[in-house]
Each structure stands twice: as C-alpha cells, then as structure tokens.
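Engineer: What follows is the file target.csv, containing CSV, C-alpha atoms (C1' of nucleotides):
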```csv
chain,number,residue,atom,x,y,z
A,257,MET,CA,-22.3,20.2,11.3
A,258,PRO,CA,-18.6,19.3,10.8
A,259,ALA,CA,-16.3,21.8,12.6
A,260,GLN,CA,-14.1,21.8,9.5
A,261,PRO,CA,-15.2,19.8,6.5
A,262,ASP,CA,-12.6,17.6,4.8
A,263,GLU,CA,-12.5,15.7,1.5
A,264,VAL,CA,-14.2,12.7,3.1
A,265,ASP,CA,-17.2,15.0,3.9
A,266,LEU,CA,-17.3,16.0,0.2
A,267,ILE,CA,-17.1,12.4,-1.0
A,268,VAL,CA,-19.9,11.4,1.4
A,269,ARG,CA,-22.0,14.3,0.2
A,270,SER,CA,-21.6,13.2,-3.4
A,271,TRP,CA,-22.6,9.7,-2.6
A,272,GLU,CA,-25.6,10.8,-0.6
A,273,ARG,CA,-26.8,12.9,-3.5
A,274,GLU,CA,-26.4,10.0,-6.0
A,275,ARG,CA,-27.6,7.3,-3.7
A,276,PRO,CA,-30.0,8.7,-1.0
A,277,ASP,CA,-31.2,5.2,-0.3
A,278,LEU,CA,-27.9,4.2,1.4
A,279,ASP,CA,-26.3,5.0,4.7
A,280,PHE,CA,-22.7,6.2,4.2
A,281,ALA,CA,-21.8,6.6,7.8
A,282,PRO,CA,-19.1,3.9,7.7
A,283,LEU,CA,-17.2,5.9,5.1
A,284,ARG,CA,-16.8,8.7,7.6
A,285,VAL,CA,-14.7,6.5,9.8
A,286,LEU,CA,-12.9,4.2,7.4
A,287,SER,CA,-12.2,6.5,4.5
A,288,ARG,CA,-10.4,8.7,7.0
A,289,VAL,CA,-8.5,5.7,8.3
A,290,ASP,CA,-7.3,5.1,4.8
A,291,ARG,CA,-6.3,8.7,4.2
A,292,LEU,CA,-4.5,9.0,7.5
A,293,SER,CA,-2.6,5.8,6.7
A,294,HIS,CA,-1.4,7.5,3.5
A,295,GLN,CA,-0.3,10.6,5.4
A,296,LEU,CA,1.5,8.3,7.9
A,297,ASP,CA,3.4,6.7,5.0
A,298,ALA,CA,4.6,10.1,3.8
A,299,ALA,CA,5.5,11.1,7.3
A,300,ARG,CA,7.5,7.9,7.8
A,301,ARG,CA,9.3,8.3,4.6
A,302,ALA,CA,10.3,11.9,5.5
A,303,ALA,CA,11.3,11.0,9.0
A,304,PHE,CA,13.6,8.2,7.7
A,305,ALA,CA,15.3,10.4,5.1
A,306,GLU,CA,17.8,11.7,7.6
A,307,PRO,CA,18.9,8.4,9.1
A,308,GLY,CA,19.1,7.2,5.5
A,309,LEU,CA,16.5,4.4,5.6
A,310,GLU,CA,13.7,3.3,3.5
A,311,PRO,CA,10.4,2.5,5.3
A,312,TRP,CA,10.8,-1.2,4.6
A,313,GLU,CA,14.4,-1.1,5.8
A,314,PHE,CA,13.2,0.4,9.1
A,315,ASP,CA,10.5,-2.2,9.4
A,316,VAL,CA,12.9,-5.1,9.2
A,317,LEU,CA,15.6,-3.5,11.4
A,318,ALA,CA,12.9,-2.5,14.0
A,319,SER,CA,11.9,-6.1,14.3
A,320,LEU,CA,15.5,-7.1,15.0
A,321,ARG,CA,15.9,-4.1,17.4
A,322,ARG,CA,12.8,-5.0,19.4
A,323,ALA,CA,14.0,-8.6,19.8
A,324,GLY,CA,16.9,-7.3,22.0
A,325,ALA,CA,20.5,-8.6,22.0
A,326,PRO,CA,21.9,-10.3,20.1
A,327,PHE,CA,19.4,-8.8,17.5
A,328,THR,CA,18.9,-12.0,15.6
A,329,LEU,CA,15.8,-13.5,14.0
A,330,SER,CA,14.9,-16.0,11.3
A,331,PRO,CA,13.6,-14.8,7.9
A,332,LYS,CA,10.4,-16.6,8.7
A,333,THR,CA,9.9,-14.6,11.9
A,334,LEU,CA,10.7,-11.4,10.0
A,335,LEU,CA,8.3,-12.1,7.2
A,336,THR,CA,5.5,-13.0,9.6
A,337,GLN,CA,6.0,-9.8,11.6
A,338,ASN,CA,6.3,-7.6,8.6
A,339,LEU,CA,3.4,-9.2,6.7
A,340,VAL,CA,5.2,-9.8,3.4
A,341,SER,CA,5.8,-12.8,1.3
A,342,SER,CA,8.9,-15.1,1.5
A,343,GLY,CA,10.2,-13.8,-1.8
A,344,THR,CA,9.9,-10.2,-0.7
A,345,MET,CA,11.8,-11.0,2.6
A,346,THR,CA,14.6,-12.8,0.7
A,347,ASN,CA,15.0,-9.7,-1.5
A,348,ARG,CA,14.9,-7.3,1.5
A,349,ILE,CA,17.6,-9.3,3.4
A,350,ASP,CA,19.7,-9.3,0.2
A,351,ARG,CA,19.6,-5.5,0.0
A,352,LEU,CA,20.2,-5.0,3.8
A,353,VAL,CA,23.2,-7.3,3.6
A,354,ALA,CA,24.5,-5.3,0.6
A,355,ARG,CA,24.2,-2.1,2.7
A,356,GLY,CA,26.0,-3.7,5.6
A,357,LEU,CA,23.0,-3.3,8.0
A,358,VAL,CA,22.6,-7.0,8.6
A,359,ARG,CA,24.4,-10.3,7.8
A,360,ARG,CA,23.3,-13.8,7.2
A,361,GLU,CA,24.6,-16.6,9.5
A,362,THR,CA,23.9,-20.3,9.4
A,363,ASP,CA,21.4,-21.6,12.1
A,364,PRO,CA,23.3,-24.1,14.3
A,365,ASN,CA,20.0,-25.7,15.3
A,366,ASP,CA,18.3,-26.1,12.0
A,367,GLY,CA,20.1,-26.9,8.7
A,368,ARG,CA,17.2,-25.5,6.7
A,369,GLY,CA,17.3,-22.1,8.2
A,370,ILE,CA,19.6,-19.1,8.5
A,371,LEU,CA,19.7,-16.3,11.0
A,372,VAL,CA,19.6,-12.6,10.2
A,373,VAL,CA,21.9,-10.7,12.5
A,374,MET,CA,21.8,-6.9,12.7
A,375,THR,CA,25.2,-5.2,12.5
A,376,ALA,CA,26.4,-2.3,14.6
A,377,ALA,CA,25.7,0.0,11.7
A,378,GLY,CA,22.2,-1.4,11.5
A,379,ARG,CA,21.6,-0.8,15.1
A,380,ASP,CA,22.9,2.8,14.9
A,381,ALA,CA,20.6,3.5,12.0
A,382,VAL,CA,17.5,2.0,13.6
A,383,ASP,CA,18.1,3.8,16.9
A,384,ALA,CA,18.3,7.1,15.1
A,385,ALA,CA,15.3,6.2,13.0
A,386,ILE,CA,13.0,5.3,15.8
A,387,SER,CA,13.6,8.7,17.5
A,388,ALA,CA,12.8,10.5,14.2
A,389,LEU,CA,9.7,8.4,13.7
A,390,LEU,CA,8.3,9.2,17.1
A,391,ALA,CA,8.9,12.9,16.6
A,392,ALA,CA,7.1,12.8,13.3
A,393,GLU,CA,4.2,10.8,14.6
A,394,SER,CA,4.0,13.1,17.6
A,395,GLN,CA,3.8,16.0,15.2
A,396,LEU,CA,1.0,14.3,13.2
A,397,LEU,CA,-0.9,13.7,16.4
A,398,SER,CA,-0.5,17.2,17.8
A,399,ALA,CA,-3.9,18.3,16.5
A,400,ILE,CA,-5.6,16.4,19.3
A,401,THR,CA,-4.9,16.3,23.0
A,402,GLU,CA,-3.2,13.4,24.8
A,403,ARG,CA,-6.5,12.4,26.4
A,404,GLU,CA,-8.0,12.3,22.9
A,405,GLN,CA,-5.1,10.3,21.6
A,406,GLU,CA,-5.8,7.7,24.3
A,407,SER,CA,-9.5,7.4,23.6
A,408,LEU,CA,-8.6,7.1,19.9
A,409,SER,CA,-6.1,4.3,20.6
A,410,ILE,CA,-8.7,2.5,22.7
A,411,LEU,CA,-11.4,2.6,20.1
A,412,LEU,CA,-8.9,1.5,17.4
A,413,ARG,CA,-7.8,-1.4,19.4
A,414,ARG,CA,-11.3,-2.6,19.9
A,415,LEU,CA,-11.8,-2.5,16.1
A,416,GLY,CA,-8.7,-4.7,15.6
A,417,VAL,CA,-9.2,-7.1,18.4
A,418,ASP,CA,-12.8,-8.0,17.7
A,419,SER,CA,-12.5,-8.6,14.0
A,420,LYS,CA,-10.3,-11.6,14.2
B,240,MET,CA,-4.4,-1.7,31.7
B,241,PRO,CA,-5.7,-2.6,28.2
B,242,ALA,CA,-9.1,-4.2,28.3
B,243,GLN,CA,-7.8,-6.7,25.7
B,244,PRO,CA,-4.2,-6.4,24.6
B,245,ASP,CA,-3.4,-6.6,20.9
B,246,GLU,CA,-0.3,-6.9,18.9
B,247,VAL,CA,0.4,-3.2,19.1
B,248,ASP,CA,0.5,-3.5,22.8
B,249,LEU,CA,3.1,-6.2,22.5
B,250,ILE,CA,5.2,-4.2,20.1
B,251,VAL,CA,5.1,-1.2,22.4
B,252,ARG,CA,6.1,-3.3,25.3
B,253,SER,CA,9.1,-4.6,23.4
B,254,TRP,CA,10.2,-1.1,22.5
B,255,GLU,CA,9.8,0.1,26.1
B,256,ARG,CA,12.0,-2.7,27.3
B,257,GLU,CA,14.7,-1.9,24.8
B,258,ARG,CA,14.5,1.9,24.8
B,259,PRO,CA,13.1,3.0,28.2
B,260,ASP,CA,14.3,6.5,27.4
B,261,LEU,CA,11.6,7.1,24.7
B,262,ASP,CA,7.9,7.6,24.8
B,263,PHE,CA,6.1,5.3,22.5
B,264,ALA,CA,2.6,6.6,23.0
B,265,PRO,CA,2.3,7.8,19.3
B,266,LEU,CA,2.6,4.2,18.2
B,267,ARG,CA,-0.4,3.2,20.1
B,268,VAL,CA,-2.5,5.3,17.8
B,269,LEU,CA,-0.7,5.3,14.5
B,270,SER,CA,0.4,1.6,14.4
B,271,ARG,CA,-3.3,0.7,14.9
B,272,VAL,CA,-4.3,3.0,12.1
B,273,ASP,CA,-1.8,1.2,9.9
B,274,ARG,CA,-3.1,-2.2,10.9
B,275,LEU,CA,-6.7,-1.2,10.5
B,276,SER,CA,-5.9,0.1,7.1
B,277,HIS,CA,-4.6,-3.4,6.1
B,278,GLN,CA,-7.8,-5.0,7.5
B,279,LEU,CA,-9.8,-2.6,5.5
B,280,ASP,CA,-7.9,-3.6,2.3
B,281,ALA,CA,-8.8,-7.2,2.9
B,282,ALA,CA,-12.4,-6.4,3.7
B,283,ARG,CA,-12.7,-4.4,0.5
B,284,ARG,CA,-11.2,-7.1,-1.6
B,285,ALA,CA,-13.6,-9.6,-0.2
B,286,ALA,CA,-16.6,-7.3,-0.6
B,287,PHE,CA,-15.8,-6.7,-4.2
B,288,ALA,CA,-15.4,-10.3,-5.1
B,289,GLU,CA,-19.1,-10.9,-5.6
B,290,PRO,CA,-19.7,-7.9,-7.9
B,291,GLY,CA,-16.5,-9.0,-9.7
B,292,LEU,CA,-14.4,-5.9,-9.2
B,293,GLU,CA,-10.8,-5.4,-8.1
B,294,PRO,CA,-10.4,-2.6,-5.5
B,295,TRP,CA,-8.7,-0.3,-8.0
B,296,GLU,CA,-11.6,-0.9,-10.4
B,297,PHE,CA,-14.0,0.2,-7.8
B,298,ASP,CA,-12.0,3.3,-6.9
B,299,VAL,CA,-12.1,4.5,-10.5
B,300,LEU,CA,-15.7,3.6,-11.1
B,301,ALA,CA,-16.8,5.2,-7.8
B,302,SER,CA,-15.3,8.5,-8.8
B,303,LEU,CA,-17.4,8.4,-12.0
B,304,ARG,CA,-20.5,7.3,-10.1
B,305,ARG,CA,-20.2,10.1,-7.6
B,306,ALA,CA,-19.8,12.6,-10.4
B,307,GLY,CA,-23.4,11.9,-11.4
B,308,ALA,CA,-24.9,11.6,-14.9
B,309,PRO,CA,-23.5,11.4,-17.5
B,310,PHE,CA,-20.7,9.7,-15.4
B,311,THR,CA,-17.9,11.3,-17.2
B,312,LEU,CA,-14.5,12.6,-16.0
B,313,SER,CA,-11.1,13.3,-17.5
B,314,PRO,CA,-8.2,11.0,-16.7
B,315,LYS,CA,-6.5,13.9,-15.0
B,316,THR,CA,-9.4,14.3,-12.5
B,317,LEU,CA,-9.5,10.5,-12.0
B,318,LEU,CA,-5.8,10.3,-11.2
B,319,THR,CA,-6.0,13.2,-8.8
B,320,GLN,CA,-8.9,11.8,-6.9
B,321,ASN,CA,-7.4,8.3,-6.8
B,322,LEU,CA,-3.9,9.5,-5.9
B,323,VAL,CA,-2.1,7.5,-8.6
B,324,SER,CA,0.4,8.5,-11.3
B,325,SER,CA,-0.5,9.3,-14.8
B,326,GLY,CA,1.0,6.0,-16.1
B,327,THR,CA,-1.1,4.0,-13.7
B,328,MET,CA,-4.3,5.8,-14.7
B,329,THR,CA,-3.7,5.2,-18.4
B,330,ASN,CA,-3.1,1.5,-17.6
B,331,ARG,CA,-6.3,1.3,-15.5
B,332,ILE,CA,-8.4,3.0,-18.1
B,333,ASP,CA,-7.1,0.5,-20.7
B,334,ARG,CA,-8.1,-2.4,-18.6
B,335,LEU,CA,-11.5,-1.0,-17.7
B,336,VAL,CA,-12.1,-0.4,-21.4
B,337,ALA,CA,-11.1,-4.0,-22.2
B,338,ARG,CA,-13.7,-5.1,-19.6
B,339,GLY,CA,-16.4,-2.9,-21.1
B,340,LEU,CA,-16.9,-0.9,-17.9
B,341,VAL,CA,-15.9,2.4,-19.4
B,342,ARG,CA,-15.1,3.8,-22.8
B,343,ARG,CA,-12.9,6.6,-24.1
B,344,GLU,CA,-14.4,9.6,-25.9
B,345,THR,CA,-12.7,12.6,-27.4
B,346,ASP,CA,-13.1,15.8,-25.4
B,347,PRO,CA,-15.0,18.3,-27.7
B,348,ASN,CA,-13.7,21.3,-25.7
B,349,ASP,CA,-10.0,20.3,-25.4
B,350,GLY,CA,-8.1,18.6,-28.2
B,351,ARG,CA,-5.4,17.4,-25.8
B,352,GLY,CA,-7.8,15.5,-23.6
B,353,ILE,CA,-10.2,12.6,-23.6
B,354,LEU,CA,-13.2,11.8,-21.5
B,355,VAL,CA,-13.7,8.6,-19.6
B,356,VAL,CA,-17.4,7.6,-19.7
B,357,MET,CA,-18.8,4.8,-17.6
B,358,THR,CA,-20.9,2.3,-19.4
B,359,ALA,CA,-24.2,0.8,-18.2
B,360,ALA,CA,-22.3,-2.3,-17.2
B,361,GLY,CA,-19.9,-0.2,-15.2
B,362,ARG,CA,-22.7,1.5,-13.4
B,363,ASP,CA,-24.4,-1.8,-12.5
B,364,ALA,CA,-21.1,-3.1,-11.2
B,365,VAL,CA,-20.3,-0.1,-9.1
B,366,ASP,CA,-23.8,0.2,-7.7
B,367,ALA,CA,-23.6,-3.4,-6.5
B,368,ALA,CA,-20.2,-2.9,-5.1
B,369,ILE,CA,-20.9,0.2,-3.0
B,370,SER,CA,-23.7,-1.7,-1.2
B,371,ALA,CA,-21.4,-4.6,-0.6
B,372,LEU,CA,-18.6,-2.3,0.6
B,373,LEU,CA,-20.9,-0.5,3.1
B,374,ALA,CA,-22.1,-3.8,4.5
B,375,ALA,CA,-18.5,-5.0,4.9
B,376,GLU,CA,-17.4,-1.7,6.5
B,377,SER,CA,-20.4,-1.7,8.8
B,378,GLN,CA,-19.4,-5.2,9.9
B,379,LEU,CA,-15.9,-4.0,10.6
B,380,LEU,CA,-17.2,-1.2,12.7
B,381,SER,CA,-19.8,-3.3,14.6
B,382,ALA,CA,-17.3,-3.7,17.5
B,383,ILE,CA,-18.0,-0.1,18.6
B,384,THR,CA,-21.3,1.8,19.0
B,385,GLU,CA,-22.6,4.4,16.6
B,386,ARG,CA,-21.8,7.1,19.1
B,387,GLU,CA,-18.3,5.9,19.3
B,388,GLN,CA,-18.0,5.7,15.5
B,389,GLU,CA,-19.0,9.3,15.4
B,390,SER,CA,-16.4,10.5,17.9
B,391,LEU,CA,-13.9,8.4,16.0
B,392,SER,CA,-14.7,10.1,12.8
B,393,ILE,CA,-14.5,13.5,14.4
B,394,LEU,CA,-11.1,12.8,15.9
B,395,LEU,CA,-9.8,11.4,12.6
B,396,ARG,CA,-11.0,14.4,10.7
B,397,ARG,CA,-9.1,16.7,12.9
B,398,LEU,CA,-5.9,14.8,12.3
B,399,GLY,CA,-6.4,15.1,8.6
B,400,VAL,CA,-7.5,18.7,8.4
B,401,ASP,CA,-4.8,20.2,10.5
B,402,SER,CA,-1.8,18.5,9.0
B,403,LYS,CA,-2.1,20.1,5.6
C,1359,DC,C1',0.0,36.9,-34.6
C,1360,DA,C1',4.2,34.6,-33.2
C,1361,DC,C1',6.4,32.6,-29.2
C,1362,DT,C1',6.7,30.7,-24.9
C,1363,DA,C1',4.9,28.3,-21.0
C,1364,DT,C1',1.6,25.2,-19.4
C,1365,DT,C1',-1.3,21.3,-19.6
C,1366,DA,C1',-3.2,16.6,-20.9
C,1367,DT,C1',-2.4,11.9,-22.2
C,1368,DC,C1',0.3,8.2,-23.3
C,1369,DT,C1',4.9,5.4,-23.5
C,1370,DC,C1',8.3,2.9,-21.6
C,1371,DG,C1',11.9,1.1,-18.5
C,1372,DA,C1',13.0,0.4,-13.6
C,1373,DC,C1',11.5,-1.3,-9.4
C,1374,DT,C1',8.9,-3.8,-6.0
C,1375,DT,C1',5.8,-7.3,-4.6
C,1376,DC,C1',3.5,-11.7,-4.8
C,1377,DG,C1',3.2,-16.6,-4.9
C,1378,DA,C1',3.9,-21.1,-6.9
C,1379,DG,C1',7.5,-24.2,-7.0
C,1380,DA,C1',12.3,-26.2,-6.2
C,1381,DG,C1',15.6,-28.0,-3.1
C,1382,DA,C1',17.3,-29.1,1.3
C,1383,DC,C1',16.5,-30.4,5.9
C,1384,DT,C1',13.6,-31.8,10.0
C,1385,DT,C1',9.8,-34.0,12.3
C,1386,DT,C1',6.4,-37.5,12.9
C,1387,DG,C1',4.5,-42.1,13.1
C,1388,DG,C1',4.6,-46.6,12.5
D,770,DC,C1',15.0,-46.5,11.4
D,771,DC,C1',12.6,-45.5,7.3
D,772,DA,C1',9.1,-43.1,4.6
D,773,DA,C1',5.9,-39.5,4.4
D,774,DA,C1',4.6,-35.1,5.7
D,775,DG,C1',6.0,-30.7,7.0
D,776,DT,C1',9.0,-26.6,7.1
D,777,DC,C1',12.5,-23.1,5.7
D,778,DT,C1',14.8,-20.4,2.3
D,779,DC,C1',15.5,-19.1,-2.2
D,780,DT,C1',14.3,-18.7,-7.4
D,781,DC,C1',11.8,-16.8,-10.9
D,782,DG,C1',8.1,-15.1,-13.8
D,783,DA,C1',3.8,-12.4,-13.7
D,784,DA,C1',1.7,-8.2,-12.4
D,785,DG,C1',1.1,-3.4,-10.9
D,786,DT,C1',3.1,1.2,-9.9
D,787,DC,C1',6.0,5.1,-10.6
D,788,DG,C1',7.9,8.9,-12.9
D,789,DA,C1',10.6,11.0,-16.6
D,790,DG,C1',10.1,12.0,-21.2
D,791,DA,C1',7.5,12.3,-25.8
D,792,DT,C1',3.7,14.2,-28.2
D,793,DA,C1',0.1,17.2,-29.1
D,794,DA,C1',-2.9,21.0,-28.0
D,795,DT,C1',-4.2,25.2,-25.3
D,796,DA,C1',-3.4,29.6,-22.9
D,797,DG,C1',-0.9,33.7,-21.9
D,798,DT,C1',2.1,37.7,-23.5
D,799,DG,C1',3.7,41.4,-26.0
```
Rewrite the coordinates I just gave you, this time as structure tokens.

Structural biologist:
Amino acid sequence: MPAQPDEVDLIVRSWERERPDLDFAPLRVLSRVDRLSHQLDAARRAAFAEPGLEPWEFDVLASLRRAGAPFTLSPKTLLTQNLVSSGTMTNRIDRLVARGLVRRETDPNDGRGILVVMTAAGRDAVDAAISALLAAESQLLSAITEREQESLSILLRRLGVDSK
Amino acid sequence: MPAQPDEVDLIVRSWERERPDLDFAPLRVLSRVDRLSHQLDAARRAAFAEPGLEPWEFDVLASLRRAGAPFTLSPKTLLTQNLVSSGTMTNRIDRLVARGLVRRETDPNDGRGILVVMTAAGRDAVDAAISALLAAESQLLSAITEREQESLSILLRRLGVDSK
DNA sequence: CACTATTATCTCGACTTCGAGAGACTTTGG
DNA sequence: CCAAAGTCTCTCGAAGTCGAGATAATAGTG
C-alpha cells in the first residue's frame, strides 16, 4: 500500500507480527514526526555552519531578533521562549557574551534582573542564519507541493492547539 | 486566517514584521514538527511512568521485542536502530543489566561481540509499555480524524523518504 | 599462512543540560 | 512601613551523551 516504504513501515510491520492484538496506527504518524525532527536538527546544524552559529546560539539570537529594536530581552523571557532551564540560559548567555554576540546590561527598572542586548555582530550573524535556515527548510520540504505543505501545517497546528 | 492561532503563528508574525523581505512559510510546517516532537517526548515519559521505564529504556527494549524470540540483538544493531553512540549504548546496557531487564551473553559466532538478551522481566515491562504508549499517542492524535491521520502519515513519509 | 584492514565493544574525558538552592531585590497585604 | 511571599539570576553537583582511542577478534589478500 505505501507508495514507498520507509523505516517506520518496517518497524510497524515488526510490531504487528509480534503483537497482532494491538493497533499501531499512531506510530505511523508520530514516529515519523520524531524522525523528521531529527532530520531537521541535522539540517539546522548544517545551515548554521556557514554563518558560524550553533543551533542553540541561533535560538537565543532569533528570540532577540524577533523582539525588534533595541533587540533586548530578559534572561527569563529567553529561557521561557527557548524551553530551557535557568542554569542553561545563564550558561548560554555567558558563552554568547564571550563570543561578542550579546552583552549584559543592568535593568534600570528591576534591581534583580539584567537585560541581554544583542550586539551588531550578533544581529549580522542571526540575519545571515535565518536566510540559510529558510533555504535549508525549504529544501527539506521540496518533496511535497506548497498546497500539501499548507495542509500539513494546518493538521499539525490542530495537534498542538488541542492538546493543551 | 488560522482557525486557531498557535505560538508558531505568533513567531512567524514577528519574523514577518522584522524581515518582510523573506518567506517564512517553511517555519509553519517545521517549527510545528519540532514542537510536536517535544510534546511527544513528554507524552512518552508520562506513559512509561506506570510500567516504570525511562524513554531510553523503552527504546532499547522495544528493539529487542520487535526482533521476536529469542529477543536477542548485538549492541551494534541496538545502537544503529536507536541512533546513539557506542559509548551511550554500553552505558544503557549496563544500566538495563543492573535493573535485570536484559543480560549479556557471549556471541558463539563472533569472539569480538556479545549478545544482549531480554529477560522475562524486560519483556513484561516492554509489553506493558507499548500498550501505554499507543494509548498516549492515540490521545495526542485524537484532535484529528483517522482519515486526517492517514494523510498526515503519507505526507510525512514522503518528507523522509526523499531527503535521503 | 602471514599481514593488513575492518569490525565490535568498552573506556574515559569533555561537554551540555537540568534543577534545587542561594542571594538579592520587589511586591503584596495588613 | 514592615514582614512575608514571590521573583530573578546565578551557582553547583548530578546525570546523560558524544566520540576518539584502546583492545581484541575476524575477514580479506597475496
């Protein structure tokens, strides 16, 4: 039935042979989501090699870039958007500061906090990286038509929205 | 336009405001793949809590379970199927042995190798876990119809197959 | 048969992440 | 205006992963 069987088809076939009492249909969707997510990781890593960024560096700089001028956010906002722990974000900011892509400033409105400000070098890097990322993602998606991409995004959004 | 906007819509909107010269359509698909993959991680972790397995434990035991009786594979096969490094697989086998879920045997046909054999306790655990996983995944997918799940899986398979 | 290349497993140090807790500051409620 | 509760950032130790290298055995070649 599959137009072109993939590894997930083989895995499901093995399961069905061993456990014919169960319905493995969910694996056909979600195991592929998992595998595609790994491919995306690899594609991102490759795309960021030229602008000289690690994926995590891009993630932090992208949050700052999207915030617009003056490209400033608190560590708290950054760790929430990037889904990492506070210790991880402290470590990431340290390394971005060491590379000269951001700097720390004191928050004039809150003595507990600081502000992370993207430097000009950081902005140059992230602007180059987002173009490379979009090219790489577009390449990954080129196996299906634009119309199919849109139905895909709509189905995926419904999976995210409803499972809150 | 979106039936129900999600965080990806907000991210794309920010990017479009800052970089109106770029087309962010690929993010609508692939950022959702990434987020769904994180939700799946969480769902798996929760589903395996009752049978008492960590996600990585399930992954290794599932490979052995799918292999069928006598539930035996080499470390090399396991690390290839699970996409981890050799050091990681050694470590995982060590811990599964300590928990009594697998045991190491010498390979009669290859003096370099060993065989990882799943114990009865391991089999019981993985058989309970796969049921729990399918229930959890089914729940995650309940936001869309079965017909939609099938078109989703077909589109996702084409993305994987062609990008080899 | 010897010799080289390949393969399998394990070791070990570097790296990253998490998350509980510390310390400093702010907010809330009487 | 004070005390308690809450919030923000950073510290630090535990845990998991990677990947190069060590060790040992097999496979291929002449």

Engineer: Mind running chain D against chain A at 8 Å and telling me each contacting residue's nearest atom pair with the distance in Å (one decimal), counting all atoms listed in the file, chain and number ascending, as a tab-separated table?

Structural biologist:
```
residue	atom	partner	partner_atom	distance
D:DC777	C1'	A:Arg368	CA	5.4
D:DT778	C1'	A:Gly369	CA	6.6
D:DC779	C1'	A:Thr346	CA	7.0
```

Engineer: Tell me which protein, DNA and RNA residues are within 12 Å of DT792 (chain D), counting all atoms listed in the file, leaving out same-chain ones fewer than 5 positions away, and put them as a list in words.

Structural biologist: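 The contact residues come out as Arg351 of chain B; DA1366, DT1367, DC1368 and DT1369 of chain C.
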
Engineer: Could you work out which residues of chain B fall inside 6 Å of chain A? Count only C-alpha atoms, and format the result as a ChimeraX atom specification.

Structural biologist: /B:253-254,265,267-268,273,276,305,376-377,382,392,398

Engineer: Could you tell me how far CA of Leu303 (chain B) lies from CA of Val323 (chain B), in Å and to one decimal?

Structural biologist: 15.7 Å

Engineer: Report, in Å to a single decimal, how far apart CA of Arg348 (chain A) and CA of Leu317 (chain A) are.

Structural biologist: 10.6 Å

Engineer: Write down, as a PyMOL selection string, each residue of chain C that has any atom within 12 Å of an atom of chain A, counting all atoms listed in the file.

Structural biologist: chain C and resi 1374-1379+1381-1385

Engineer: Please measure the separation of CA of Arg403 (chain A) and CA of Ala299 (chain A), giving the value in Å to one decimal.

Structural biologist: 22.6 Å

Engineer: Hey, what's within 12 Å of DA796 (chain D) if we count only C-alpha atoms (C1' of nucleotides) and toss same-chain stuff fewer than 2 positions away? As a list in words, please?

Structural biologist: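 My reading of the contact set: Asp349 of chain B; DT1362, DA1363, DT1364 and DT1365 of chain C; DA794 and DT798 of chain D.
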
Engineer: Which residue is closest to Ala281 (chain B)? Choose from B:Thr345, B:Ala337, B:Met357, B:Pro294 and count all atoms listed in the file.

Structural biologist: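 So, comparing all the options, the nearest one is B:Pro294.
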
Engineer: Under the rule that only C-alpha atoms are counted, which of B:Pro259, B:Pro309, B:Gly339, B:Pro290 is the nearest residue to Leu354 (chain B)?

Structural biologist: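 Of B:Pro259, B:Pro309, B:Gly339, B:Pro290, the one nearest Leu354 (chain B) is B:Pro309, counting only C-alpha atoms.
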
Engineer: Show which residues sit within 12 Å of DA772 (chain D), as a VMD selection string. Count only C-alpha atoms (C1' of nucleotides), and ignore same-chain residues fewer than 3 positions away.

Structural biologist: chain C and resid 1385 to 1388

Engineer: For Glu289 (chain B), find every residue with an atom within 9 Å (counting all atoms listed in the file), except residues of its own chain fewer than 2 positions away, and show them as a PyMOL selection string.

Structural biologist: chain B and resi 285-287+291-292+367-368+371

Engineer: For region 778-793 of chain D, take all atoms listed in the file, fit an axis-aligned box around them, add 8 Å to each of the six sides, then output centre and edge lengths in Å rounded to one decimal, as AutoDock Vina command-line options.

Structural biologist:
```
--center_x 7.8 --center_y -1.6 --center_z -13.4 --size_x 31.4 --size_y 53.6 --size_z 47.4
```
